[in-house]
Structure formats: C-alpha cells, structure tokens
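K.L.:
coords09.cif (mmCIF, C-alpha atoms) pasted underneath:
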data_coords
loop_
_atom_site.group_PDB
_atom_site.id
_atom_site.type_symbol
_atom_site.label_atom_id
_atom_site.label_comp_id
_atom_site.auth_asym_id
_atom_site.auth_seq_id
_atom_site.Cartn_x
_atom_site.Cartn_y
_atom_site.Cartn_z
ATOM 1 C CA MET A 296 117.416 60.749 -130.784
ATOM 2 C CA LYS A 297 116.495 64.188 -129.456
ATOM 3 C CA ALA A 298 116.317 64.578 -125.672
ATOM 4 C CA LYS A 299 112.905 65.062 -124.088
ATOM 5 C CA ARG A 300 112.401 68.238 -122.080
ATOM 6 C CA MET A 301 109.496 68.304 -119.626
ATOM 7 C CA ILE A 302 108.728 71.588 -117.900
ATOM 8 C CA TYR A 303 105.890 71.655 -115.408
ATOM 9 C CA PHE A 304 104.374 75.091 -114.801
ATOM 10 C CA THR A 305 102.513 76.238 -111.698
ATOM 11 C CA ASN A 306 100.970 79.648 -111.160
ATOM 12 C CA SER A 307 100.568 80.853 -107.560
ATOM 13 C CA GLN A 308 99.955 84.558 -108.205
ATOM 14 C CA GLU A 309 97.131 86.647 -109.654
ATOM 15 C CA SER A 310 98.772 89.876 -110.842
ATOM 16 C CA PHE A 311 100.186 88.675 -114.168
ATOM 17 C CA GLU A 312 98.474 86.592 -116.809
ATOM 18 C CA ILE A 313 100.370 83.394 -117.546
ATOM 19 C CA THR A 314 100.159 83.281 -121.306
ATOM 20 C CA TYR A 315 101.322 80.641 -123.741
ATOM 21 C CA LYS A 316 103.891 83.195 -124.941
ATOM 22 C CA LEU A 317 105.330 83.568 -121.415
ATOM 23 C CA LYS A 318 105.565 79.806 -120.971
ATOM 24 C CA MET A 319 107.279 79.461 -124.361
ATOM 25 C CA LEU A 320 109.749 82.206 -123.416
ATOM 26 C CA VAL A 321 110.659 80.313 -120.250
ATOM 27 C CA ARG A 322 110.893 77.071 -122.229
ATOM 28 C CA HIS A 323 113.185 78.782 -124.757
ATOM 29 C CA ALA A 324 115.433 79.998 -121.905
ATOM 30 C CA VAL A 325 115.542 76.500 -120.402
ATOM 31 C CA LEU A 326 116.371 74.902 -123.759
ATOM 32 C CA ALA A 327 119.005 77.534 -124.595
ATOM 33 C CA SER A 328 120.659 76.929 -121.213
ATOM 34 C CA LEU A 329 120.687 73.152 -121.652
ATOM 35 C CA GLU A 330 122.011 73.433 -125.203
ATOM 36 C CA TYR A 331 124.733 75.887 -124.151
ATOM 37 C CA GLU A 332 125.836 73.481 -121.421
ATOM 38 C CA GLY A 333 125.700 70.449 -123.711
ATOM 39 C CA PHE A 334 123.180 68.725 -121.464
ATOM 40 C CA GLY A 335 121.853 65.938 -123.679
ATOM 41 C CA ALA A 336 119.887 63.770 -121.246
ATOM 42 C CA ASP A 337 116.109 63.735 -120.992
ATOM 43 C CA THR A 338 115.254 66.435 -118.496
ATOM 44 C CA GLU A 339 112.413 67.553 -116.292
ATOM 45 C CA LEU A 340 111.999 70.538 -114.017
ATOM 46 C CA SER A 341 109.271 72.701 -112.572
ATOM 47 C CA VAL A 342 108.737 76.435 -112.853
ATOM 48 C CA THR A 343 106.471 78.248 -110.411
ATOM 49 C CA PHE A 344 105.302 81.789 -111.035
ATOM 50 C CA THR A 345 104.591 83.703 -107.847
ATOM 51 C CA ASP A 346 104.541 87.239 -106.452
ATOM 52 C CA ASN A 347 106.738 89.031 -103.918
ATOM 53 C CA GLU A 348 104.766 87.758 -100.930
ATOM 54 C CA GLY A 349 104.867 84.176 -102.211
ATOM 55 C CA ILE A 350 108.598 84.176 -102.864
ATOM 56 C CA ARG A 351 109.239 85.925 -99.536
ATOM 57 C CA ALA A 352 107.486 83.067 -97.723
ATOM 58 C CA ILE A 353 109.485 80.440 -99.636
ATOM 59 C CA ASN A 354 112.733 82.356 -99.068
ATOM 60 C CA ALA A 355 111.994 82.531 -95.330
ATOM 61 C CA GLU A 356 111.075 78.857 -95.081
ATOM 62 C CA TYR A 357 113.961 77.381 -97.069
ATOM 63 C CA ARG A 358 116.755 79.929 -96.738
ATOM 64 C CA GLY A 359 115.906 81.668 -93.460
ATOM 65 C CA ILE A 360 115.766 85.033 -95.265
ATOM 66 C CA ASP A 361 112.503 86.851 -94.552
ATOM 67 C CA ALA A 362 112.559 89.049 -97.669
ATOM 68 C CA PRO A 363 111.357 88.798 -101.248
ATOM 69 C CA THR A 364 113.832 87.986 -103.991
ATOM 70 C CA ASP A 365 113.533 87.659 -107.761
ATOM 71 C CA VAL A 366 114.182 83.956 -108.307
ATOM 72 C CA LEU A 367 114.903 80.858 -106.251
ATOM 73 C CA SER A 368 116.505 77.649 -107.473
ATOM 74 C CA PHE A 369 116.114 74.270 -105.819
ATOM 75 C CA PRO A 370 118.469 71.800 -107.527
ATOM 76 C CA LEU A 371 117.781 68.100 -107.042
ATOM 77 C CA THR A 372 121.260 66.973 -108.098
ATOM 78 C CA ASP A 373 124.706 68.029 -107.010
ATOM 79 C CA TYR A 374 126.771 67.984 -110.210
ATOM 80 C CA GLU A 375 130.025 68.920 -108.516
ATOM 81 C CA GLY A 376 132.705 66.636 -109.901
ATOM 82 C CA VAL A 377 130.214 64.841 -112.183
ATOM 83 C CA ASP A 378 130.207 64.974 -115.951
ATOM 84 C CA PHE A 379 126.699 65.543 -117.187
ATOM 85 C CA PRO A 380 124.489 64.310 -118.555
ATOM 86 C CA VAL A 381 124.680 61.356 -116.224
ATOM 87 C CA ALA A 382 124.717 58.395 -118.614
ATOM 88 C CA ASP A 383 122.908 55.870 -116.427
ATOM 89 C CA GLU A 384 119.975 58.150 -115.608
ATOM 90 C CA PRO A 385 116.969 57.774 -117.926
ATOM 91 C CA CYS A 386 115.764 61.273 -117.036
ATOM 92 C CA SER A 387 117.482 64.021 -115.089
ATOM 93 C CA SER A 388 115.158 65.765 -112.666
ATOM 94 C CA LEU A 389 116.959 69.076 -112.360
ATOM 95 C CA GLY A 390 114.790 70.686 -109.687
ATOM 96 C CA ASP A 391 112.546 73.676 -109.229
ATOM 97 C CA ILE A 392 112.612 77.307 -110.307
ATOM 98 C CA VAL A 393 110.451 79.891 -108.536
ATOM 99 C CA ILE A 394 110.120 83.301 -110.208
ATOM 100 C CA SER A 395 108.477 86.360 -108.690
ATOM 101 C CA LEU A 396 106.804 87.979 -111.679
ATOM 102 C CA GLU A 397 106.119 91.037 -109.537
ATOM 103 C CA ARG A 398 109.845 91.413 -108.828
ATOM 104 C CA ALA A 399 110.724 90.655 -112.475
ATOM 105 C CA ASN A 400 108.443 93.502 -113.550
ATOM 106 C CA GLU A 401 110.002 95.887 -111.004
ATOM 107 C CA GLN A 402 113.537 94.959 -112.125
ATOM 108 C CA ALA A 403 112.676 95.289 -115.813
ATOM 109 C CA GLU A 404 111.578 98.867 -115.146
ATOM 110 C CA GLN A 405 114.623 99.512 -112.954
ATOM 111 C CA PHE A 406 117.090 98.198 -115.556
ATOM 112 C CA GLY A 407 115.271 99.684 -118.540
ATOM 113 C CA HIS A 408 114.514 96.526 -120.455
ATOM 114 C CA SER A 409 111.431 94.419 -121.154
ATOM 115 C CA PHE A 410 109.568 92.212 -118.717
ATOM 116 C CA GLU A 411 110.200 89.316 -121.114
ATOM 117 C CA ARG A 412 113.960 89.893 -121.116
ATOM 118 C CA GLU A 413 113.970 89.953 -117.308
ATOM 119 C CA VAL A 414 111.969 86.710 -117.039
ATOM 120 C CA ALA A 415 114.338 85.068 -119.553
ATOM 121 C CA PHE A 416 117.358 86.302 -117.579
ATOM 122 C CA LEU A 417 115.947 84.980 -114.292
ATOM 123 C CA THR A 418 115.205 81.630 -115.919
ATOM 124 C CA VAL A 419 118.726 81.330 -117.353
ATOM 125 C CA HIS A 420 120.231 82.401 -114.015
ATOM 126 C CA SER A 421 118.208 79.775 -112.195
ATOM 127 C CA MET A 422 119.002 77.088 -114.784
ATOM 128 C CA LEU A 423 122.705 77.642 -114.220
ATOM 129 C CA HIS A 424 122.135 77.125 -110.495
ATOM 130 C CA LEU A 425 120.231 73.897 -111.233
ATOM 131 C CA LEU A 426 123.197 72.771 -113.325
ATOM 132 C CA GLY A 427 125.630 73.342 -110.474
ATOM 133 C CA TYR A 428 126.918 76.873 -110.968
ATOM 134 C CA ASP A 429 127.042 79.408 -108.182
ATOM 135 C CA HIS A 430 128.063 83.043 -107.958
ATOM 136 C CA VAL A 431 128.456 83.486 -104.210
ATOM 137 C CA ASN A 432 131.572 81.387 -103.628
ATOM 138 C CA SER A 433 134.133 83.584 -105.389
ATOM 139 C CA GLU A 434 134.598 86.481 -107.766
ATOM 140 C CA GLU A 435 135.839 84.037 -110.408
ATOM 141 C CA GLU A 436 132.683 81.922 -110.189
ATOM 142 C CA ASP A 437 130.543 85.060 -110.270
ATOM 143 C CA ALA A 438 132.330 86.266 -113.426
ATOM 144 C CA GLU A 439 131.987 82.827 -115.030
ATOM 145 C CA MET A 440 128.267 82.660 -114.295
ATOM 146 C CA ARG A 441 127.721 86.193 -115.621
ATOM 147 C CA ARG A 442 129.565 85.285 -118.837
ATOM 148 C CA ARG A 443 127.443 82.184 -119.334
ATOM 149 C CA GLN A 444 124.225 84.137 -118.676
ATOM 150 C CA ARG A 445 125.233 86.806 -121.185
ATOM 151 C CA GLU A 446 126.142 84.278 -123.879
ATOM 152 C CA ILE A 447 122.932 82.270 -123.405
ATOM 153 C CA LEU A 448 120.781 85.410 -123.581
ATOM 154 C CA GLU A 449 122.670 86.522 -126.692
ATOM 155 C CA SER A 450 121.975 83.128 -128.285
ATOM 156 C CA MET A 451 118.277 83.825 -127.639
ATOM 157 C CA GLY A 452 118.509 87.263 -129.250
ATOM 158 C CA LEU A 453 118.085 88.952 -125.852
ATOM 159 C CA GLY A 454 121.584 90.302 -125.284
ATOM 160 C CA VAL A 455 122.062 93.679 -123.703
#
As structure tokens - that is how I would like this structure written.

P.N.:
Amino acid sequence: MKAKRMIYFTNSQESFEITYKLKMLVRHAVLASLEYEGFGADTELSVTFTDNEGIRAINAEYRGIDAPTDVLSFPLTDYEGVDFPVADEPCSSLGDIVISLERANEQAEQFGHSFEREVAFLTVHSMLHLLGYDHVNSEEEDAEMRRRQREILESMGLGV
C-alpha cells in the first residue's frame, strides 16, 4: 500500500501568488526527498509561505536571530539513532517548513536560476533537516547534506 503524504499549506505573505503549480512543485520536492531517503511511513507536514519580515520575526522568536533567512525547519521528531520510518507510528508528523518567497526570489536572481528551482531547493534543504540531517555540526555533515540535496534536485530534473 502506498504511503499517504499530507502537506498543509499556509500563506502569510502578499507579494507572490500561491498557485497550484507552486504548491505542486513543493509537493514534488517533498515527495522526492522522502523517496530518496526511503521514508515509507504515512507522513504529514506543514509548509508556510511568508516574506522577509515574516521569517525575520519567526527567526527572532525561535532562534534568537533578528534577521531574515530563506527557510526555517521545525522538526517534530529527533531521528538520531532511529531507523525510519518508525514502524509503530501510524503517521509521522515531520514538522514545519517556513519559506520566505521574497528571499527565494532574491536568491534565484543572485544565483542565476529560476524562482521555481530556488523554492524546490529550499524545500529539499528543509526536508533534510526535518529528517534529521544538519550541516552546521561538521564539514563532513555539510558535504553529505549538499550531496543529498544535489541528488534529490537532479532526480526532479532541477540539477545545476
């Protein structure tokens, strides 16, 4: 039986239209990440679209950093030392992703690729955080996370 994937979207910004196509892009990035990681359990998570001011406020409140960023991840499960999917859980609530579409647009221009590719990258990056990966602990972990991001984006046809 195929795993159920529930993604709850919230829009808290007014600068960018939240289209069906954008939601499906994010969903594709979520599914590609879960497939790459072999995560077979039923899954739910939320994705909030915001702007630089909105993500700055969240960053200040939860991380003590009073500055905008591109994406924030709020995992609900610590998978360290745990094989996933967790067999006795009927549904894995992975957590929350918050994406600044304003920042994604700025970075797409800065890096010379599409807004869609940047949103997909930020979603994949955040998904890896929700699944227990981090890039700030060591150079090895940073390299491993970058490799996974690259391979997932390539599987989506969005490689660099």

K.L.:
Any chance you could work out the residue set of the PyMOL selection byres ((chain A and resi 412-420) around 10) here, as a tab-separated table (two decimals) with C-alpha atoms, keeping the file's coordinate frame?

P.N.:
chain	number	residue	atom	x	y	z
A	317	LEU	CA	105.33	83.57	-121.42
A	320	LEU	CA	109.75	82.21	-123.42
A	321	VAL	CA	110.66	80.31	-120.25
A	322	ARG	CA	110.89	77.07	-122.23
A	323	HIS	CA	113.18	78.78	-124.76
A	324	ALA	CA	115.43	80.00	-121.90
A	325	VAL	CA	115.54	76.50	-120.40
A	326	LEU	CA	116.37	74.90	-123.76
A	327	ALA	CA	119.00	77.53	-124.60
A	328	SER	CA	120.66	76.93	-121.21
A	329	LEU	CA	120.69	73.15	-121.65
A	342	VAL	CA	108.74	76.44	-112.85
A	365	ASP	CA	113.53	87.66	-107.76
A	366	VAL	CA	114.18	83.96	-108.31
A	367	LEU	CA	114.90	80.86	-106.25
A	368	SER	CA	116.50	77.65	-107.47
A	392	ILE	CA	112.61	77.31	-110.31
A	393	VAL	CA	110.45	79.89	-108.54
A	394	ILE	CA	110.12	83.30	-110.21
A	395	SER	CA	108.48	86.36	-108.69
A	396	LEU	CA	106.80	87.98	-111.68
A	398	ARG	CA	109.84	91.41	-108.83
A	399	ALA	CA	110.72	90.66	-112.48
A	400	ASN	CA	108.44	93.50	-113.55
A	401	GLU	CA	110.00	95.89	-111.00
A	402	GLN	CA	113.54	94.96	-112.12
A	403	ALA	CA	112.68	95.29	-115.81
A	404	GLU	CA	111.58	98.87	-115.15
A	406	PHE	CA	117.09	98.20	-115.56
A	407	GLY	CA	115.27	99.68	-118.54
A	408	HIS	CA	114.51	96.53	-120.46
A	409	SER	CA	111.43	94.42	-121.15
A	410	PHE	CA	109.57	92.21	-118.72
A	411	GLU	CA	110.20	89.32	-121.11
A	421	SER	CA	118.21	79.78	-112.20
A	422	MET	CA	119.00	77.09	-114.78
A	423	LEU	CA	122.70	77.64	-114.22
A	424	HIS	CA	122.14	77.12	-110.50
A	425	LEU	CA	120.23	73.90	-111.23
A	428	TYR	CA	126.92	76.87	-110.97
A	429	ASP	CA	127.04	79.41	-108.18
A	430	HIS	CA	128.06	83.04	-107.96
A	440	MET	CA	128.27	82.66	-114.30
A	441	ARG	CA	127.72	86.19	-115.62
A	443	ARG	CA	127.44	82.18	-119.33
A	444	GLN	CA	124.22	84.14	-118.68
A	445	ARG	CA	125.23	86.81	-121.18
A	447	ILE	CA	122.93	82.27	-123.40
A	448	LEU	CA	120.78	85.41	-123.58
A	451	MET	CA	118.28	83.82	-127.64
A	452	GLY	CA	118.51	87.26	-129.25
A	453	LEU	CA	118.08	88.95	-125.85
A	454	GLY	CA	121.58	90.30	-125.28
A	455	VAL	CA	122.06	93.68	-123.70

K.L.:
When the PyMOL selection byres ((chain A and resi 390) around 6) is applied to the file above, which residues end up in the set, as a short mmCIF file (atom, residue, chain, number, x, y, z; two decimals) with C-alpha atoms, keeping the file's coordinate frame?

P.N.:
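Full text of out.cif as output:
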data_model
loop_
_atom_site.label_atom_id
_atom_site.label_comp_id
_atom_site.auth_asym_id
_atom_site.auth_seq_id
_atom_site.Cartn_x
_atom_site.Cartn_y
_atom_site.Cartn_z
CA LEU A 340 112.00 70.54 -114.02
CA PHE A 369 116.11 74.27 -105.82
CA PRO A 370 118.47 71.80 -107.53
CA LEU A 371 117.78 68.10 -107.04
CA SER A 388 115.16 65.76 -112.67
CA LEU A 389 116.96 69.08 -112.36
CA ASP A 391 112.55 73.68 -109.23
#

K.L.:
Mind giving me the straight-line distance from CA of Thr372 (chain A) to CA of Val431 (chain A) in Å, one decimal?

P.N.:
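Interatomic distance here is 18.4 Å.
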
K.L.:
What gap, in Å, lies between CA of Arg442 (chain A) and CA of Glu332 (chain A)?

P.N.:
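Between CA of Arg442 (chain A) and CA of Glu332 (chain A) the gap is 12.6 Å.
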
K.L.:
Give as a PyMOL selection string the residues that the PyMOL selection byres ((chain A and resi 304) around 8) matches when applied to the coordinates above.

P.N.:
chain A and resi 302-303+305-306+318+341-344

K.L.:
Can you list, as a VMD selection string, every protein, DNA or RNA residue that comes within 8 Å of Gly335 (chain A) when you count all atoms listed in the file, leaving out same-chain residues fewer than 2 positions away?

P.N.:
chain A and resid 298 329 to 330 333 337 380

K.L.:
Which one of A:Glu446, A:Glu312, A:Glu397, A:Glu436 sits closest to Glu348 (chain A) if you count only C-alpha atoms?

P.N.:
A:Glu397

K.L.:
Could you tell me how far CA of Ser450 (chain A) lies from CA of Met319 (chain A), in Å and to one decimal?

P.N.:
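Distance between the two atoms: 15.6 Å.
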
K.L.:
Return as JSON the box centre and box size in Å, one decimal, for an axis-aligned box around all listed atoms of region 410-419 of chain A padded by 4 Å per side.

P.N.:
{"center_x": 114.1, "center_y": 86.8, "center_z": -117.7, "size_x": 17.2, "size_y": 18.9, "size_z": 14.8}

K.L.:
Using only C-alpha atoms, find the one residue out of A:Thr314, A:Gln405, A:Tyr331, A:Ala336 that sits nearest to Lys299 (chain A).

P.N.:
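Checking each of A:Thr314, A:Gln405, A:Tyr331, A:Ala336 against Lys299 (chain A), counting only C-alpha atoms, the winner is A:Ala336.
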